[in-house]
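All remarks here apply to the structure that follows.
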Amino acid sequence: MAANIPDCAPQLQRLMQQAGFSSDRELSQKAGVPELQLSRLRRGLALKTRADILLKISQALEISLNELLATLAPDFVELEPAAPSALEQEYQRLQATIEQQRASLIQEFQLASVQILESWMLQWPTAANKAQENHNLRAQKLLPLLRPVEQLLEHWGIESIAPVGASLPYNPQQHQLIEGTAEPGEPVKVRYTGYIQGEKLLYRAKVSLVRSIA
């Protein structure tokens, strides 16, 4: 039975050359499929290969799924024009779903990491502010060492609401009074910074009324 299986290596090689690929590794990386799948195509097993794999390879080669199968599967009966289009649409839908799930997982990971960093995120800016104000504190020499953590938060799109020591109008949506009460718009001073990620509030900044500061 093995003798009846066609050798499709020359046909695949021709398609690869037309698309500018010099090796199976290049094509597999571009298509996002294992090199083993390309070996299956060379052995004439295109019709026994999963449709999503074939579609990825055809897209990498910049040809239609019909053209790929017509070249690598001599017994292939060309699909109706609507069939590959429907398959491609389903593939694109699945890809979009995967991307959404991936984005959701990334955000969940970021939020889980933020919870681990919560104590540092809330306490460190205040400690750093005091170290910068008092040049005699040895802790000032440690400030540059924490820059990578700050850069990580920036990469995740996490921003402080306001720097420690900043004076600004009281906003109950973003600020939490350490003591007393205040009306929106009253001047307050940031004692512990808060954080937002995009439009999502993570932690409110802790503030004091300016009038209560001696």
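Each chain in the structure tokens gets a letter, A, B and so on, in the order shown; residues start at 1 in every chain, and ligands are counted from 1 in the order they appear.
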
Considering only C-alpha atoms, return as a PDB file with N, CA and C atoms, in the first residue's frame whatever protein or nucleic-acid residues lie within 12 Å of Glu186 in chain A, sequence-local ones (same chain, fewer than 4 positions apart) excluded.
```pdb
ATOM      1  N   SER A 167      -0.402  67.864  45.858  1.00  0.00           N
ATOM      2  CA  SER A 167      -1.627  68.490  46.347  1.00  0.00           C
ATOM      3  C   SER A 167      -2.602  68.593  45.179  1.00  0.00           C
ATOM      4  N   LEU A 168      -3.839  68.198  45.405  1.00  0.00           N
ATOM      5  CA  LEU A 168      -4.818  68.175  44.327  1.00  0.00           C
ATOM      6  C   LEU A 168      -6.224  68.183  44.906  1.00  0.00           C
ATOM      7  N   PRO A 169      -7.242  68.469  44.090  1.00  0.00           N
ATOM      8  CA  PRO A 169      -8.620  68.496  44.584  1.00  0.00           C
ATOM      9  C   PRO A 169      -9.098  67.095  44.980  1.00  0.00           C
ATOM     10  N   TYR A 170      -9.838  67.034  46.050  1.00  0.00           N
ATOM     11  CA  TYR A 170     -10.337  65.752  46.547  1.00  0.00           C
ATOM     12  C   TYR A 170     -11.348  65.138  45.579  1.00  0.00           C
ATOM     13  N   ASN A 171     -11.095  63.881  45.220  1.00  0.00           N
ATOM     14  CA  ASN A 171     -11.987  63.136  44.329  1.00  0.00           C
ATOM     15  C   ASN A 171     -12.326  61.820  45.019  1.00  0.00           C
ATOM     16  N   PRO A 172     -13.523  61.703  45.592  1.00  0.00           N
ATOM     17  CA  PRO A 172     -13.871  60.487  46.341  1.00  0.00           C
ATOM     18  C   PRO A 172     -13.828  59.209  45.517  1.00  0.00           C
ATOM     19  N   HIS A 175      -9.760  58.920  45.676  1.00  0.00           N
ATOM     20  CA  HIS A 175      -9.027  59.222  46.902  1.00  0.00           C
ATOM     21  C   HIS A 175      -9.739  58.663  48.134  1.00  0.00           C
ATOM     22  N   LEU A 177      -9.734  59.338  52.266  1.00  0.00           N
ATOM     23  CA  LEU A 177      -9.249  60.178  53.356  1.00  0.00           C
ATOM     24  C   LEU A 177      -8.708  59.310  54.496  1.00  0.00           C
ATOM     25  N   THR A 181     -13.428  64.269  57.100  1.00  0.00           N
ATOM     26  CA  THR A 181     -14.306  64.275  55.930  1.00  0.00           C
ATOM     27  C   THR A 181     -13.935  65.453  55.043  1.00  0.00           C
ATOM     28  N   ALA A 182     -14.350  65.376  53.818  1.00  0.00           N
ATOM     29  CA  ALA A 182     -14.054  66.446  52.869  1.00  0.00           C
ATOM     30  C   ALA A 182     -15.097  66.453  51.777  1.00  0.00           C
ATOM     31  N   VAL A 207      -5.198  60.091  51.207  1.00  0.00           N
ATOM     32  CA  VAL A 207      -4.903  61.520  51.242  1.00  0.00           C
ATOM     33  C   VAL A 207      -5.270  62.134  52.593  1.00  0.00           C
ATOM     34  N   SER A 208      -4.690  63.302  52.851  1.00  0.00           N
ATOM     35  CA  SER A 208      -5.001  64.092  54.043  1.00  0.00           C
ATOM     36  C   SER A 208      -5.478  65.463  53.604  1.00  0.00           C
ATOM     37  N   LEU A 209      -6.358  66.058  54.395  1.00  0.00           N
ATOM     38  CA  LEU A 209      -6.814  67.415  54.097  1.00  0.00           C
ATOM     39  C   LEU A 209      -5.658  68.381  54.259  1.00  0.00           C
ATOM     40  N   VAL A 210      -5.511  69.299  53.333  1.00  0.00           N
ATOM     41  CA  VAL A 210      -4.431  70.263  53.409  1.00  0.00           C
ATOM     42  C   VAL A 210      -4.578  71.145  54.645  1.00  0.00           C
ATOM     43  N   ARG A 211      -5.820  71.484  54.988  1.00  0.00           N
ATOM     44  CA  ARG A 211      -6.030  72.389  56.109  1.00  0.00           C
ATOM     45  C   ARG A 211      -5.653  71.752  57.440  1.00  0.00           C
ATOM     46  N   SER A 212      -5.582  70.389  57.482  1.00  0.00           N
ATOM     47  CA  SER A 212      -5.274  69.705  58.733  1.00  0.00           C
ATOM     48  C   SER A 212      -3.785  69.449  58.888  1.00  0.00           C
TER      49      SER A 212
END
```

Item to complete: Please return as a VMD selection string: the residues of range 111-184 of chain A that backbone DSSP assigns to alpha helix (DSSP H).
Response: chain A and resid 111 to 133 147 to 155

Next, dump the selected residues to file, keeping only N, CA and C atoms, as a tab-separated table (two decimals), in the first residue's frame.
```
chain	number	residue	atom	x	y	z
A	111	LEU	N	-3.28	40.86	37.39
A	111	LEU	CA	-4.00	41.20	38.62
A	111	LEU	C	-3.54	40.32	39.78
A	112	ALA	N	-3.27	39.04	39.51
A	112	ALA	CA	-2.76	38.15	40.56
A	112	ALA	C	-1.39	38.63	41.03
A	113	SER	N	-0.57	39.09	40.10
A	113	SER	CA	0.76	39.60	40.46
A	113	SER	C	0.63	40.90	41.25
A	114	VAL	N	-0.34	41.75	40.85
A	114	VAL	CA	-0.56	43.00	41.58
A	114	VAL	C	-0.94	42.72	43.02
A	115	GLN	N	-1.75	41.69	43.24
A	115	GLN	CA	-2.14	41.35	44.61
A	115	GLN	C	-0.92	40.94	45.44
A	116	ILE	N	0.03	40.24	44.80
A	116	ILE	CA	1.24	39.85	45.50
A	116	ILE	C	2.09	41.08	45.81
A	117	LEU	N	2.10	42.06	44.87
A	117	LEU	CA	2.90	43.27	45.02
A	117	LEU	C	2.18	44.37	45.79
A	118	GLU	N	0.96	44.10	46.23
A	118	GLU	CA	0.12	45.16	46.81
A	118	GLU	C	0.82	45.92	47.92
A	119	SER	N	1.41	45.22	48.87
A	119	SER	CA	2.07	45.89	49.99
A	119	SER	C	3.17	46.80	49.50
A	120	TRP	N	3.98	46.29	48.56
A	120	TRP	CA	5.07	47.12	48.03
A	120	TRP	C	4.52	48.32	47.27
A	121	MET	N	3.52	48.10	46.44
A	121	MET	CA	2.97	49.18	45.62
A	121	MET	C	2.44	50.33	46.48
A	122	LEU	N	1.82	50.00	47.61
A	122	LEU	CA	1.20	51.02	48.44
A	122	LEU	C	2.20	51.69	49.38
A	123	GLN	N	3.20	50.95	49.86
A	123	GLN	CA	4.13	51.49	50.85
A	123	GLN	C	5.39	52.08	50.23
A	124	TRP	N	5.88	51.49	49.14
A	124	TRP	CA	7.16	51.91	48.60
A	124	TRP	C	7.21	53.36	48.14
A	125	PRO	N	6.23	53.87	47.39
A	125	PRO	CA	6.32	55.27	46.95
A	125	PRO	C	6.47	56.25	48.11
A	126	THR	N	5.80	55.97	49.23
A	126	THR	CA	5.92	56.86	50.40
A	126	THR	C	7.31	56.75	51.00
A	127	ALA	N	7.84	55.52	51.13
A	127	ALA	CA	9.19	55.34	51.65
A	127	ALA	C	10.22	55.98	50.73
A	128	ALA	N	10.03	55.84	49.43
A	128	ALA	CA	10.96	56.43	48.47
A	128	ALA	C	10.92	57.95	48.54
A	129	ASN	N	9.74	58.50	48.74
A	129	ASN	CA	9.60	59.95	48.86
A	129	ASN	C	10.36	60.47	50.07
A	130	LYS	N	10.28	59.77	51.19
A	130	LYS	CA	10.99	60.19	52.41
A	130	LYS	C	12.50	60.06	52.21
A	131	ALA	N	12.92	59.01	51.49
A	131	ALA	CA	14.35	58.82	51.24
A	131	ALA	C	14.90	59.93	50.36
A	132	GLN	N	14.10	60.38	49.39
A	132	GLN	CA	14.55	61.46	48.51
A	132	GLN	C	14.62	62.79	49.24
A	133	GLU	N	13.72	62.97	50.21
A	133	GLU	CA	13.72	64.22	50.96
A	133	GLU	C	14.87	64.28	51.95
A	147	ARG	N	13.76	50.21	40.17
A	147	ARG	CA	13.29	50.71	38.87
A	147	ARG	C	12.73	49.60	38.00
A	148	PRO	N	13.32	48.39	37.95
A	148	PRO	CA	12.74	47.33	37.11
A	148	PRO	C	11.30	46.98	37.48
A	149	VAL	N	10.97	47.02	38.77
A	149	VAL	CA	9.59	46.73	39.19
A	149	VAL	C	8.67	47.84	38.69
A	150	GLU	N	9.13	49.07	38.78
A	150	GLU	CA	8.33	50.18	38.29
A	150	GLU	C	8.12	50.07	36.78
A	151	GLN	N	9.16	49.64	36.06
A	151	GLN	CA	9.04	49.48	34.61
A	151	GLN	C	8.06	48.36	34.26
A	152	LEU	N	8.03	47.30	35.09
A	152	LEU	CA	7.09	46.21	34.86
A	152	LEU	C	5.65	46.72	34.98
A	153	LEU	N	5.37	47.52	36.00
A	153	LEU	CA	4.04	48.08	36.17
A	153	LEU	C	3.68	48.98	34.99
A	154	GLU	N	4.65	49.75	34.52
A	154	GLU	CA	4.41	50.61	33.36
A	154	GLU	C	4.08	49.77	32.13
A	155	HIS	N	4.80	48.65	31.96
A	155	HIS	CA	4.55	47.76	30.82
A	155	HIS	C	3.15	47.19	30.87
```

Discussion item. Under the rule that only C-alpha atoms are counted, which of A:Arg102, A:Thr49, A:Lys56, A:Tyr192 is the nearest residue to Ser160 in chain A?
Written reply: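 So, comparing all the options, the nearest one is A:Tyr192.
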
Worksheet item: Could you pull the residues within 7 Å of Ala205 in chain A, counting only C-alpha atoms, minus those fewer than 6 positions along the same chain, as number ranges by chain?
Response: A: 161, 174-176, 190, 192-194

Worksheet entry | In range 89-180 of chain A, DSSP strand (DSSP E) residues written as an MDAnalysis selection string | chainID A and resid 158:160 167:169 175:177

Write the selection just made, keeping C-alpha atoms, as a PDB file, in the first residue's frame?
```pdb
ATOM      1  CA  ILE A 158      -0.563  50.355  35.662  1.00  0.00           C
ATOM      2  CA  GLU A 159      -0.160  54.009  36.627  1.00  0.00           C
ATOM      3  CA  SER A 160      -0.146  55.834  39.940  1.00  0.00           C
ATOM      4  CA  SER A 167      -1.627  68.490  46.347  1.00  0.00           C
ATOM      5  CA  LEU A 168      -4.818  68.175  44.327  1.00  0.00           C
ATOM      6  CA  PRO A 169      -8.620  68.496  44.584  1.00  0.00           C
ATOM      7  CA  HIS A 175      -9.027  59.222  46.902  1.00  0.00           C
ATOM      8  CA  GLN A 176      -9.492  57.813  50.391  1.00  0.00           C
ATOM      9  CA  LEU A 177      -9.249  60.178  53.356  1.00  0.00           C
TER      10      LEU A 177
END
```

Worksheet entry | Proximity to Asp52 in chain A - best of A:Ala19, A:Gln11, A:Gln95, A:Glu179, only C-alpha atoms | A:Gln95

Discussion item. Using only C-alpha atoms for the distances, tell me which of A:Val164, A:Leu202, A:Ile57, A:Val33 is nearest to Val188 in chain A.
Written reply: A:Val164

Item to complete: Using CA of Lys30 in chain A and CA of Ala60 in chain A as the two end points, give the distance in Å to one decimal.
Response: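 Taking CA of Lys30 in chain A and CA of Ala60 in chain A, their separation equals 6.1 Å.
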
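Nearest-residue note for Leu65 in chain A: choosing from A:Ala46, A:Gln110, A:Arg204, A:Leu38, the minimum distance belongs to A:Ala46, counting only C-alpha atoms.
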
Discussion item. Using Å and a single decimal, report how far CA of Leu41 in chain A sits from CA of Ser23 in chain A.
Written reply: 14.1 Å

Practice prompt. Mind giving me the straight-line distance from CA of Leu45 in chain A to CA of Leu27 in chain A in Å, one decimal?
Written response: 17.5 Å

Worksheet item: Which of these, A:Gly157, A:Pro184, A:Gly165, A:Pro34, has the shortest distance to Lys200 in chain A once you count only C-alpha atoms?
Response: A:Gly157

Practice prompt. Quick one: everything within 12 Å of Met16 in chain A, counting only C-alpha atoms, minus sequence neighbours fewer than 4 positions away in the same chain. Send it as a VMD selection string.
Written response: chain A and resid 9 to 12 20 to 28 30 to 31 38 42 57 to 63 68

Can those selected residues be exported to a file as a PDB file, in the first residue's frame so that it contains N, CA and C atoms?
```pdb
ATOM      1  N   ALA A   9       6.887  15.618  -2.412  1.00  0.00           N
ATOM      2  CA  ALA A   9       7.988  16.497  -2.028  1.00  0.00           C
ATOM      3  C   ALA A   9       8.302  17.544  -3.088  1.00  0.00           C
ATOM      4  N   PRO A  10       8.381  17.169  -4.385  1.00  0.00           N
ATOM      5  CA  PRO A  10       8.691  18.188  -5.409  1.00  0.00           C
ATOM      6  C   PRO A  10       7.635  19.290  -5.479  1.00  0.00           C
ATOM      7  N   GLN A  11       6.356  18.896  -5.358  1.00  0.00           N
ATOM      8  CA  GLN A  11       5.284  19.893  -5.439  1.00  0.00           C
ATOM      9  C   GLN A  11       5.353  20.875  -4.259  1.00  0.00           C
ATOM     10  N   LEU A  12       5.576  20.332  -3.049  1.00  0.00           N
ATOM     11  CA  LEU A  12       5.665  21.207  -1.882  1.00  0.00           C
ATOM     12  C   LEU A  12       6.886  22.111  -1.986  1.00  0.00           C
ATOM     13  N   GLY A  20       9.106  31.924  -1.258  1.00  0.00           N
ATOM     14  CA  GLY A  20      10.353  32.450  -0.704  1.00  0.00           C
ATOM     15  C   GLY A  20      10.884  31.716   0.502  1.00  0.00           C
ATOM     16  N   PHE A  21      10.422  30.480   0.735  1.00  0.00           N
ATOM     17  CA  PHE A  21      10.920  29.687   1.858  1.00  0.00           C
ATOM     18  C   PHE A  21      12.027  28.756   1.380  1.00  0.00           C
ATOM     19  N   SER A  22      13.125  28.733   2.123  1.00  0.00           N
ATOM     20  CA  SER A  22      14.250  27.890   1.738  1.00  0.00           C
ATOM     21  C   SER A  22      14.340  26.611   2.552  1.00  0.00           C
ATOM     22  N   SER A  23      13.525  26.487   3.587  1.00  0.00           N
ATOM     23  CA  SER A  23      13.582  25.281   4.415  1.00  0.00           C
ATOM     24  C   SER A  23      12.241  25.028   5.081  1.00  0.00           C
ATOM     25  N   ASP A  24      12.052  23.762   5.522  1.00  0.00           N
ATOM     26  CA  ASP A  24      10.834  23.416   6.247  1.00  0.00           C
ATOM     27  C   ASP A  24      10.734  24.211   7.540  1.00  0.00           C
ATOM     28  N   ARG A  25      11.878  24.468   8.176  1.00  0.00           N
ATOM     29  CA  ARG A  25      11.854  25.201   9.443  1.00  0.00           C
ATOM     30  C   ARG A  25      11.265  26.597   9.250  1.00  0.00           C
ATOM     31  N   GLU A  26      11.671  27.282   8.195  1.00  0.00           N
ATOM     32  CA  GLU A  26      11.138  28.626   7.939  1.00  0.00           C
ATOM     33  C   GLU A  26       9.632  28.585   7.746  1.00  0.00           C
ATOM     34  N   LEU A  27       9.162  27.617   6.966  1.00  0.00           N
ATOM     35  CA  LEU A  27       7.724  27.527   6.702  1.00  0.00           C
ATOM     36  C   LEU A  27       6.958  27.147   7.959  1.00  0.00           C
ATOM     37  N   SER A  28       7.501  26.220   8.732  1.00  0.00           N
ATOM     38  CA  SER A  28       6.806  25.787   9.948  1.00  0.00           C
ATOM     39  C   SER A  28       6.700  26.936  10.944  1.00  0.00           C
ATOM     40  N   LYS A  30       6.687  30.180  10.166  1.00  0.00           N
ATOM     41  CA  LYS A  30       5.759  31.169   9.626  1.00  0.00           C
ATOM     42  C   LYS A  30       4.310  30.711   9.795  1.00  0.00           C
ATOM     43  N   ALA A  31       4.067  29.429   9.545  1.00  0.00           N
ATOM     44  CA  ALA A  31       2.699  28.899   9.634  1.00  0.00           C
ATOM     45  C   ALA A  31       2.293  28.576  11.062  1.00  0.00           C
ATOM     46  N   LEU A  38       4.700  19.142   7.775  1.00  0.00           N
ATOM     47  CA  LEU A  38       5.206  19.328   6.420  1.00  0.00           C
ATOM     48  C   LEU A  38       5.731  18.008   5.855  1.00  0.00           C
ATOM     49  N   ARG A  42       4.679  16.051   2.372  1.00  0.00           N
ATOM     50  CA  ARG A  42       5.641  15.523   1.393  1.00  0.00           C
ATOM     51  C   ARG A  42       5.350  14.059   1.072  1.00  0.00           C
ATOM     52  N   ILE A  57      -0.901  26.465   6.714  1.00  0.00           N
ATOM     53  CA  ILE A  57       0.171  26.304   5.732  1.00  0.00           C
ATOM     54  C   ILE A  57      -0.159  27.058   4.446  1.00  0.00           C
ATOM     55  N   SER A  58      -1.416  26.977   4.008  1.00  0.00           N
ATOM     56  CA  SER A  58      -1.805  27.681   2.785  1.00  0.00           C
ATOM     57  C   SER A  58      -1.680  29.189   2.953  1.00  0.00           C
ATOM     58  N   GLN A  59      -2.024  29.688   4.135  1.00  0.00           N
ATOM     59  CA  GLN A  59      -1.903  31.129   4.388  1.00  0.00           C
ATOM     60  C   GLN A  59      -0.439  31.549   4.404  1.00  0.00           C
ATOM     61  N   ALA A  60       0.422  30.705   4.972  1.00  0.00           N
ATOM     62  CA  ALA A  60       1.854  31.020   4.993  1.00  0.00           C
ATOM     63  C   ALA A  60       2.424  31.019   3.577  1.00  0.00           C
ATOM     64  N   LEU A  61       1.921  30.117   2.734  1.00  0.00           N
ATOM     65  CA  LEU A  61       2.380  30.035   1.345  1.00  0.00           C
ATOM     66  C   LEU A  61       1.697  31.062   0.441  1.00  0.00           C
ATOM     67  N   GLU A  62       0.705  31.766   1.017  1.00  0.00           N
ATOM     68  CA  GLU A  62      -0.045  32.802   0.304  1.00  0.00           C
ATOM     69  C   GLU A  62      -0.784  32.235  -0.907  1.00  0.00           C
ATOM     70  N   ILE A  63      -1.397  31.072  -0.685  1.00  0.00           N
ATOM     71  CA  ILE A  63      -2.244  30.469  -1.712  1.00  0.00           C
ATOM     72  C   ILE A  63      -3.538  30.044  -1.047  1.00  0.00           C
ATOM     73  N   LEU A  68      -3.662  24.548  -2.539  1.00  0.00           N
ATOM     74  CA  LEU A  68      -2.741  23.678  -1.802  1.00  0.00           C
ATOM     75  C   LEU A  68      -3.117  22.211  -1.972  1.00  0.00           C
TER      76      LEU A  68
END
```
